[in-house]
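Below is one structure, written out as structure tokens; the observations come after it.
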Amino acid sequence: MQTSVIGFPRIGTLRELKFASEKYFRKEIDTTELLETAKKLRETHWNTQKKAGIDYISGNDFSHYDMLLDTAVLFDIVPKRYQELRLSKLDTYFAMARGYQGSSGDVKALAMKKWFNTNYHYIVPELEDDTVIGLTGNKLWEEYAEAKALGVETKPVVIGAYTLLKLCRCTGSKKADDYVDALICGYQKLLQKCGEHQMAWVQFDEPALVQDMNEADIARFCKMYEGILPSARQCNVLLQTYFGDVRDIYADLIKLPFAGIGLDFVEGKETYNLIEKYGFPQDKILFAGLVNGKNIWKNRYKNTLQTLDNLRGKGIQTVLSTSCSLLHVPYTLRHEKKLAPEYLSHFSFAEEKLTELAELKTLAECGDYSANAIYQRNEMLFAESRNCENAEVKERLSKVTDSDYMRLPKRSERQKLQKKILALPEFPTTTIGSFPQTPDVKANRSAYRRGEISEQEYVAFNRKKIAESIAWQEEIGLDVLVHGEYERNDMVEYFGEALGGFLFTEKAWVQSYGTRCVKPPIVWGDVYREKPITVEWSVYAQSQTEKMMKGMLTGPVTILNWSFPREDISVKESISQIALAIRDEVLDLEKNGIRIIQIDEAALREKLPLRKSDWQKEYLDFAIPAFRLTHSGVKPETQIHTHMCYSEFTDIIPAIDAMDADVITFEASRSDLQILDSLREHHFETEVGPGVYDIHSPRVPSVEEITAALQVMLTKIDREKLWINPDCGLKTRAMPETDASLRNLVEAAKQVRSFVP
Ligand code: GLN
Ligand code: ZN
């Protein structure tokens, strides 16, 4: 029995890569120093896996920003506007990822999207009509040689041709199919070069195979690999899939000459059935993804070993693998000093998953494992009660009725009433909630956490920040104000910490995009609200201004989707429990004079099942009602906002409208405004604030740019429904660019109000 890891976290145990990269961006360290940190991290990651006894260790899974962007750069898929900056290779790469504004030019970043059903974001590469796909990158071979010098034979990973093409955006008149031949040629060259370097294995990640595939998709995939694989010669190709099963293409896939095929047994509901139905070729190796790469609960060895036995019983050569890259779980439990062992004993982060793989390998090889102490310890863990139930929560949930999911009166009437009572100007301007988390803000929070300052001092500092930010927002001329979220580390972790039923960690960071990491809370038990969470901050903020202050909450779907969920109750039940807790908070805000309340559902779309046929029943049917449950109790004149960090909801517009919010703000500036046509077609009723500038980059949008965007929006959206706001919260930005951008936004609003009749 051998073991394989699809990919390893790259940020380091204590986010070393993040800090080095940010220093580099601020020009505090030079390229050499950044590259040195990266190299050290890779060395640690390989050695850790080697020490754990992993047989197939990935190479090229390190990235300075994103692995899809790495693959694009490997094939020289670099849009002209970035090449024309004439920056170094590394800086061109960062310009694509983050935008560039400086002495060499002014270019926006490439679009960013969520990676399948995860909270990881990838950079969307662009194929231009004259893009020449070639094999120009060196990273893969350099890192292979680097590992080899350390005595580690790696299997380099690249995103496969099919998934790469699926996720690229064609910006000219050419269609995706027009790039197929060039891509085949590029990957052929890649394999030849792998052969020249005498690599034993190379891994092509093809997660796009777990989505719905039609005949044309299947034909394209087969054409690509029939073209690519003959160039493999000595090098073995592992076709790696994850995040689901490959039901549409399985029968064709196993006929292609891959040396190994990686399948997900955790999220792939049909994976085992597919093998039963179509068999698995004797001459290939099955990389069985049985150790969950996405969640943090310990593996139940009994089930895993049973599956391994079954597979081997069928005569299948099996390698035990993670279900996806370990990029999606935190690095190590070693730094968690505050959680009691009774909790910790149930968890497994990336490093501990390596141990699980090793232990499972031992057990699988030892014959009668049931007598083995490792096995027995594991079984005991699953036998003990986790003490996580709350009878009151269960009781309350059982009493929820249909009318609790319905807000009255209907939205069009509420909107009329709200216009009158809130008396906002035309095209109201607002922001999405957070303001820059400047060093003083972070220092205040961490001093409080460490017990270095009293609660009073902590609160006094935040109140001062809130008051200053309100004075500043008033001076800029924004219409609906926010308190700035200075008390929050993260929009989900903050609520997780305040709600009963959650556990939180100290250092369990997971990469979200680039240098941005999140520390997802863990849903341990039934969820309930002990006491008001945000009310005091919002009430204080409202007391500082005559203008309208927006209360700021995170919605139940997002809280669950950005946490590590329980596996012993359904997602629906967990989301409903959280919805009731947030409902209490909404009603308390209203009772305390807050008249606009935003309930962010930044992650609603990302857990949409990857297959369309599962969308309604397995998700929307409970996620949308859960959102309604949070706000159905408020008065008609209380305005409910929601916010989403993306605009790819063209295909679920009716569901978004059915959330029954009064206003929705969403990310729009990095994508085209195609969504607006769809909103119109569907007679979307919710008022909308499509983001007018990208907050993921320090670039300052000009007034002209914003007015131009608004002019376009006004051709598609009824004027009484349009709001003006940035794409998302501003906490990752610095003050100077935030100030400049928001002033331009308000100026653009003024101009549009006066231009448009
Ligand atoms: N209110 C949150 C903020 O402004 C929303 C963040 C998000 O959507 N990711 O930070
Ligand atoms: Zn957002």
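Identifiers for the structure tokens are assigned positionally: chains receive A, B, ... in sequence, residues are indexed from 1 per chain, and ligands are indexed from 1 in the order shown.
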What lies within 10 Å of Ala740 of chain A using only C-alpha atoms, ignoring chain neighbours under 6 positions off, as a list in words?
Ile476, Arg699, Val700, Pro701 and Ser702 of chain A
Could you pull out the strand (DSSP E or B) residues of segment 424-619 of chain A from DSSP and send them as a PyMOL selection string?
chain A and resi 429-430+434+480-481+484+499-503+510-513+516-518+522-529+548-554+564+596-600
Kindly work out which residues sit at most 8 Å from ligand 2, using only C-alpha atoms and all ligand atoms, and give the list as a list of chain:residue names.
A:Ile432, A:Asp600, A:Ala602, A:His643, A:Met644, A:Cys645, A:Tyr646, A:Phe666, A:Glu667, A:Asp727, A:Cys728, A:Gly729
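When the distance limit is 6 Å and only C-alpha atoms are what count, the residues near Tyr405 of chain A, minus those fewer than 3 positions from it on the same chain, are Asp402, Pro625, Arg628 and Leu629 of chain A.
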Go through the chains and note each residue within 10 Å of ligand 1, using only C-alpha atoms and all ligand atoms, then give the set as a CSV table (one decimal) with N, CA and C atoms, in the first residue's frame.
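Okay, this is what ended up in pocket_34.csv:
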chain,number,residue,atom,x,y,z
A,431,THR,N,-20.9,51.8,1.6
A,431,THR,CA,-19.8,50.9,1.5
A,431,THR,C,-20.2,49.5,2.0
A,432,ILE,N,-19.4,48.5,1.9
A,432,ILE,CA,-19.9,47.2,2.2
A,432,ILE,C,-19.7,46.8,3.7
A,433,GLY,N,-19.0,47.6,4.4
A,433,GLY,CA,-19.0,47.3,5.9
A,433,GLY,C,-17.6,47.6,6.5
A,434,SER,N,-16.6,47.0,6.1
A,434,SER,CA,-15.3,47.1,6.8
A,434,SER,C,-14.5,48.3,6.2
A,435,PHE,N,-13.7,48.9,7.1
A,435,PHE,CA,-12.7,49.9,6.7
A,435,PHE,C,-11.3,49.3,7.0
A,436,PRO,N,-10.3,49.9,6.4
A,436,PRO,CA,-8.9,49.4,6.5
A,436,PRO,C,-8.6,48.9,7.9
A,437,GLN,N,-8.1,47.7,8.0
A,437,GLN,CA,-7.6,47.2,9.3
A,437,GLN,C,-6.2,47.6,9.4
A,482,VAL,N,-21.4,53.1,7.7
A,482,VAL,CA,-21.1,51.8,8.4
A,482,VAL,C,-20.2,52.2,9.6
A,484,GLY,N,-17.6,50.3,10.4
A,484,GLY,CA,-16.2,50.0,10.0
A,484,GLY,C,-15.7,48.6,10.4
A,485,GLU,N,-16.4,47.9,11.3
A,485,GLU,CA,-16.0,46.5,11.6
A,485,GLU,C,-14.6,46.4,12.3
A,486,TYR,N,-14.2,47.4,13.0
A,486,TYR,CA,-12.9,47.3,13.7
A,486,TYR,C,-12.8,46.2,14.7
A,488,ARG,N,-13.8,43.3,14.3
A,488,ARG,CA,-13.8,41.9,13.7
A,488,ARG,C,-12.5,41.6,13.0
A,489,ASN,N,-12.1,40.4,13.3
A,489,ASN,CA,-11.0,39.8,12.6
A,489,ASN,C,-11.4,39.3,11.2
A,490,ASP,N,-12.6,38.7,11.2
A,490,ASP,CA,-13.1,38.1,10.0
A,490,ASP,C,-14.6,38.0,10.2
A,491,MET,N,-15.3,38.2,9.1
A,491,MET,CA,-16.8,38.2,9.1
A,491,MET,C,-17.4,37.0,9.6
A,492,VAL,N,-16.8,35.8,9.5
A,492,VAL,CA,-17.3,34.6,10.0
A,492,VAL,C,-16.8,34.2,11.3
A,551,GLY,N,-26.5,48.4,10.1
A,551,GLY,CA,-26.1,47.2,11.0
A,551,GLY,C,-25.4,46.2,10.1
A,552,MET,N,-24.5,45.4,10.6
A,552,MET,CA,-23.7,44.6,9.7
A,552,MET,C,-23.6,43.2,10.3
A,553,LEU,N,-24.2,42.2,9.6
A,553,LEU,CA,-24.2,40.8,10.1
A,553,LEU,C,-23.8,39.9,9.0
A,554,THR,N,-23.4,38.7,9.4
A,554,THR,CA,-23.1,37.7,8.4
A,554,THR,C,-24.2,36.7,8.4
A,558,THR,N,-23.4,31.7,4.8
A,558,THR,CA,-22.0,32.1,4.8
A,558,THR,C,-21.3,31.6,6.0
A,598,GLN,N,-27.6,45.0,7.1
A,598,GLN,CA,-27.1,44.2,6.0
A,598,GLN,C,-26.7,42.8,6.5
A,599,ILE,N,-27.2,41.8,5.8
A,599,ILE,CA,-26.8,40.4,6.2
A,599,ILE,C,-26.1,39.8,5.1
A,600,ASP,N,-24.7,39.8,5.2
A,600,ASP,CA,-23.9,39.3,4.1
A,600,ASP,C,-24.0,37.9,3.8
A,601,GLU,N,-24.2,37.5,2.6
A,601,GLU,CA,-24.1,36.1,2.2
A,601,GLU,C,-23.1,36.0,1.1
A,602,ALA,N,-21.9,36.3,1.5
A,602,ALA,CA,-20.7,36.4,0.6
A,602,ALA,C,-20.4,35.0,0.0
A,603,ALA,N,-20.8,33.9,0.7
A,603,ALA,CA,-20.5,32.6,0.3
A,603,ALA,C,-21.7,31.8,-0.2
A,642,THR,N,-28.4,42.6,1.5
A,642,THR,CA,-27.5,41.5,1.5
A,642,THR,C,-26.3,41.9,0.6
A,643,HIS,N,-25.3,41.1,0.7
A,643,HIS,CA,-24.1,41.4,-0.1
A,643,HIS,C,-23.5,40.1,-0.6
A,644,MET,N,-23.0,40.0,-1.8
A,644,MET,CA,-22.3,38.9,-2.3
A,644,MET,C,-21.1,39.3,-3.0
A,645,CYS,N,-20.0,38.5,-2.9
A,645,CYS,CA,-18.7,38.8,-3.4
A,645,CYS,C,-18.5,38.4,-4.8
A,646,TYR,N,-19.5,38.3,-5.6
A,646,TYR,CA,-19.3,37.8,-7.0
A,646,TYR,C,-20.6,38.2,-7.7
A,665,THR,N,-26.0,44.2,-2.7
A,665,THR,CA,-24.8,44.8,-3.3
A,665,THR,C,-23.9,43.6,-3.7
A,666,PHE,N,-23.2,43.7,-4.9
A,666,PHE,CA,-22.4,42.6,-5.3
A,666,PHE,C,-21.2,43.0,-6.0
A,667,GLU,N,-20.2,42.1,-6.2
A,667,GLU,CA,-19.0,42.4,-6.9
A,667,GLU,C,-19.3,42.4,-8.4
A,726,PRO,N,-18.6,50.2,-3.5
A,726,PRO,CA,-17.4,49.4,-4.0
A,726,PRO,C,-17.9,47.9,-4.1
A,727,ASP,N,-17.0,47.1,-4.6
A,727,ASP,CA,-17.2,45.7,-4.8
A,727,ASP,C,-17.5,44.9,-3.5
A,728,CYS,N,-16.7,45.3,-2.4
A,728,CYS,CA,-16.7,44.5,-1.2
A,728,CYS,C,-16.2,45.3,-0.1
A,729,GLY,N,-16.0,44.7,1.1
A,729,GLY,CA,-15.4,45.4,2.2
A,729,GLY,C,-14.0,45.9,2.0
A,730,LEU,N,-13.6,46.9,2.7
A,730,LEU,CA,-12.3,47.6,2.4
A,730,LEU,C,-11.2,47.2,3.5
A,731,LYS,N,-11.4,46.2,4.2
A,731,LYS,CA,-10.5,45.9,5.3
A,731,LYS,C,-9.1,45.6,4.9
A,732,THR,N,-8.9,45.0,3.7
A,732,THR,CA,-7.6,44.7,3.3
A,732,THR,C,-6.8,45.8,2.6
Could you name the residues that touch Leu320 of chain A at 12 Å or less, counting only C-alpha atoms, but leaving out those on the same chain fewer than 2 positions away, as a ChimeraX atom specification?
/A:1-6,54-56,261-265,285-292,304-305,307-309,311-312,316-318,322-323,353-354,356-365
Compile the contact shell of Glu146 of chain A as a PyMOL selection string: residues with an atom at most 10 Å away, counting only C-alpha atoms, same-chain residues fewer than 4 positions apart removed.
chain A and resi 39+42-43+59+140-142+150-154
Once you have the residues from the selection above, write them out as a short mmCIF file (atom, residue, chain, number, x, y, z; two decimals), in the first residue's frame, restricted to all heavy atoms.
data_model
loop_
_atom_site.label_atom_id
_atom_site.label_comp_id
_atom_site.auth_asym_id
_atom_site.auth_seq_id
_atom_site.Cartn_x
_atom_site.Cartn_y
_atom_site.Cartn_z
N LYS A 39 11.59 29.33 -0.92
CA LYS A 39 12.39 28.11 -1.05
C LYS A 39 12.44 27.34 0.26
O LYS A 39 12.29 26.12 0.30
CB LYS A 39 13.81 28.51 -1.50
CG LYS A 39 14.68 27.35 -1.85
CD LYS A 39 15.98 27.81 -2.46
CE LYS A 39 16.92 26.61 -2.60
NZ LYS A 39 18.26 27.01 -2.98
N ARG A 42 9.17 25.54 0.82
CA ARG A 42 9.06 24.31 0.02
C ARG A 42 9.86 23.18 0.65
O ARG A 42 9.40 22.05 0.76
CB ARG A 42 9.53 24.57 -1.42
CG ARG A 42 8.58 25.41 -2.22
CD ARG A 42 8.95 25.41 -3.70
NE ARG A 42 10.21 26.06 -3.98
CZ ARG A 42 10.33 27.35 -4.33
NH1 ARG A 42 9.26 28.13 -4.43
NH2 ARG A 42 11.51 27.86 -4.59
N GLU A 43 11.06 23.53 1.08
CA GLU A 43 11.91 22.51 1.70
C GLU A 43 11.21 21.90 2.92
O GLU A 43 11.16 20.67 3.07
CB GLU A 43 13.25 23.15 2.11
CG GLU A 43 14.16 22.18 2.81
CD GLU A 43 15.56 22.76 3.07
OE1 GLU A 43 15.88 23.84 2.55
OE2 GLU A 43 16.32 22.11 3.81
N GLY A 59 5.03 18.09 -6.26
CA GLY A 59 5.92 19.21 -6.54
C GLY A 59 5.12 20.23 -7.32
O GLY A 59 4.03 19.93 -7.81
N LEU A 140 8.15 24.67 -12.84
CA LEU A 140 7.95 23.24 -12.59
C LEU A 140 9.28 22.49 -12.51
O LEU A 140 9.50 21.69 -11.60
CB LEU A 140 7.07 22.70 -13.72
CG LEU A 140 6.51 21.30 -13.62
CD1 LEU A 140 5.20 21.24 -14.39
CD2 LEU A 140 7.44 20.24 -14.15
N TRP A 141 10.16 22.77 -13.45
CA TRP A 141 11.42 22.02 -13.50
C TRP A 141 12.39 22.49 -12.43
O TRP A 141 13.11 21.70 -11.85
CB TRP A 141 12.01 22.12 -14.90
CG TRP A 141 11.12 21.37 -15.85
CD1 TRP A 141 11.11 20.02 -16.06
CD2 TRP A 141 10.05 21.91 -16.62
NE1 TRP A 141 10.09 19.68 -16.92
CE2 TRP A 141 9.43 20.81 -17.29
CE3 TRP A 141 9.53 23.19 -16.82
CZ2 TRP A 141 8.33 20.97 -18.14
CZ3 TRP A 141 8.45 23.34 -17.67
CH2 TRP A 141 7.86 22.25 -18.32
N GLU A 142 12.36 23.80 -12.20
CA GLU A 142 13.24 24.31 -11.13
C GLU A 142 12.87 23.71 -9.79
O GLU A 142 13.73 23.28 -9.02
CB GLU A 142 13.15 25.84 -11.06
CG GLU A 142 13.95 26.52 -12.16
CD GLU A 142 13.63 28.01 -12.28
OE1 GLU A 142 12.92 28.56 -11.40
OE2 GLU A 142 14.07 28.60 -13.28
N LEU A 150 17.21 17.84 -2.53
CA LEU A 150 16.97 17.56 -1.11
C LEU A 150 16.69 16.08 -0.87
O LEU A 150 16.34 15.66 0.22
CB LEU A 150 15.77 18.38 -0.62
CG LEU A 150 15.91 19.89 -0.63
CD1 LEU A 150 14.55 20.56 -0.50
CD2 LEU A 150 16.83 20.34 0.49
N GLY A 151 16.78 15.32 -1.94
CA GLY A 151 16.53 13.89 -1.81
C GLY A 151 15.06 13.51 -1.84
O GLY A 151 14.66 12.46 -1.36
N VAL A 152 14.24 14.39 -2.41
CA VAL A 152 12.81 14.08 -2.50
C VAL A 152 12.39 13.98 -3.97
O VAL A 152 12.55 14.94 -4.73
CB VAL A 152 11.95 15.17 -1.81
CG1 VAL A 152 10.47 14.78 -1.83
CG2 VAL A 152 12.42 15.39 -0.38
N GLU A 153 11.88 12.82 -4.34
CA GLU A 153 11.37 12.66 -5.71
C GLU A 153 9.91 13.12 -5.70
O GLU A 153 9.09 12.56 -4.98
CB GLU A 153 11.46 11.18 -6.12
CG GLU A 153 10.79 10.82 -7.43
CD GLU A 153 11.52 11.38 -8.67
OE1 GLU A 153 12.75 11.56 -8.61
OE2 GLU A 153 10.82 11.63 -9.69
N THR A 154 9.61 14.18 -6.43
CA THR A 154 8.24 14.69 -6.40
C THR A 154 7.49 14.34 -7.67
O THR A 154 8.09 14.09 -8.71
CB THR A 154 8.23 16.22 -6.25
OG1 THR A 154 9.11 16.78 -7.24
CG2 THR A 154 8.68 16.64 -4.87
#
If we count only C-alpha atoms and set the cut-off at 12 Å, which residues sit around segment 392-400 of chain A, ignoring sequence neighbours fewer than 5 positions away in its own chain? Please answer as a VMD selection string.
chain A and resid 405 to 406 500 to 501 525 to 530 569 572 to 581 625 to 626 629 to 630
Using the selection just defined, write its residues with C-alpha atoms as a PDB file, in the first residue's frame.
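Done, and the output landed in out-v6.pdb:
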ATOM      1  CA  TYR A 405     -40.046  32.096   6.375  1.00  0.00           C
ATOM      2  CA  MET A 406     -42.240  34.881   4.933  1.00  0.00           C
ATOM      3  CA  GLY A 500     -22.533  28.925  21.234  1.00  0.00           C
ATOM      4  CA  GLY A 501     -21.704  25.641  19.510  1.00  0.00           C
ATOM      5  CA  GLY A 525     -22.355  21.330  18.325  1.00  0.00           C
ATOM      6  CA  ASP A 526     -25.844  22.804  18.132  1.00  0.00           C
ATOM      7  CA  VAL A 527     -25.617  26.557  17.522  1.00  0.00           C
ATOM      8  CA  TYR A 528     -27.316  29.265  19.617  1.00  0.00           C
ATOM      9  CA  ARG A 529     -26.866  32.921  20.501  1.00  0.00           C
ATOM     10  CA  GLU A 530     -26.003  33.591  24.116  1.00  0.00           C
ATOM     11  CA  ILE A 569     -25.966  16.326  11.326  1.00  0.00           C
ATOM     12  CA  LYS A 572     -29.675  22.002   6.443  1.00  0.00           C
ATOM     13  CA  GLU A 573     -30.043  21.532  10.178  1.00  0.00           C
ATOM     14  CA  SER A 574     -26.845  23.426  10.968  1.00  0.00           C
ATOM     15  CA  ILE A 575     -27.813  26.341   8.700  1.00  0.00           C
ATOM     16  CA  SER A 576     -31.273  26.565  10.236  1.00  0.00           C
ATOM     17  CA  GLN A 577     -29.836  26.678  13.744  1.00  0.00           C
ATOM     18  CA  ILE A 578     -27.527  29.526  12.746  1.00  0.00           C
ATOM     19  CA  ALA A 579     -30.407  31.325  11.004  1.00  0.00           C
ATOM     20  CA  LEU A 580     -32.374  31.433  14.252  1.00  0.00           C
ATOM     21  CA  ALA A 581     -29.379  32.874  16.085  1.00  0.00           C
ATOM     22  CA  PRO A 625     -35.443  29.902   3.280  1.00  0.00           C
ATOM     23  CA  ALA A 626     -32.751  30.009   5.979  1.00  0.00           C
ATOM     24  CA  LEU A 629     -35.800  33.186   8.417  1.00  0.00           C
ATOM     25  CA  THR A 630     -33.193  35.701   9.592  1.00  0.00           C
TER      26      THR A 630
END
Pairwise distance, atom CA of Leu673 of chain A with atom CA of Ser412 of chain A, equals 24.7 Å
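The environment of segment 468-471 of chain A within 9 Å, counting only C-alpha atoms and disregarding residues fewer than 2 places along the same chain, consists of Phe435, Arg463, Lys464, Lys465, Ile466, Gln473, Glu474, Glu475, Ile476, Leu481, Val482, His483, Gly484, Ala541, Gln544 and Thr545 of chain A.
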Can you spit out the residues from that selection as a CSV table (one decimal), in the first residue's frame, using C-alpha atoms?
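Output file again_16.csv is given in full below:
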chain,number,residue,atom,x,y,z
A,435,PHE,CA,-12.7,49.9,6.7
A,463,ARG,CA,-15.2,53.7,19.7
A,464,LYS,CA,-12.6,56.3,18.9
A,465,LYS,CA,-12.0,54.6,15.5
A,466,ILE,CA,-15.8,54.4,14.9
A,473,GLN,CA,-17.6,59.2,5.9
A,474,GLU,CA,-19.7,62.3,6.6
A,475,GLU,CA,-16.9,64.6,5.2
A,476,ILE,CA,-16.6,62.5,2.1
A,481,LEU,CA,-22.7,54.9,6.8
A,482,VAL,CA,-21.1,51.8,8.4
A,483,HIS,CA,-19.3,51.5,11.7
A,484,GLY,CA,-16.2,50.0,10.0
A,541,ALA,CA,-22.1,54.3,15.8
A,544,GLN,CA,-22.5,59.6,16.3
A,545,THR,CA,-24.4,60.6,13.2
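Atom CA of Pro698 of chain A is found 6.5 Å from atom CA of Arg733 of chain A.
Of note, atom CA of Gly313 of chain A and atom CA of Gln234 of chain A are spaced 29.1 Å apart.
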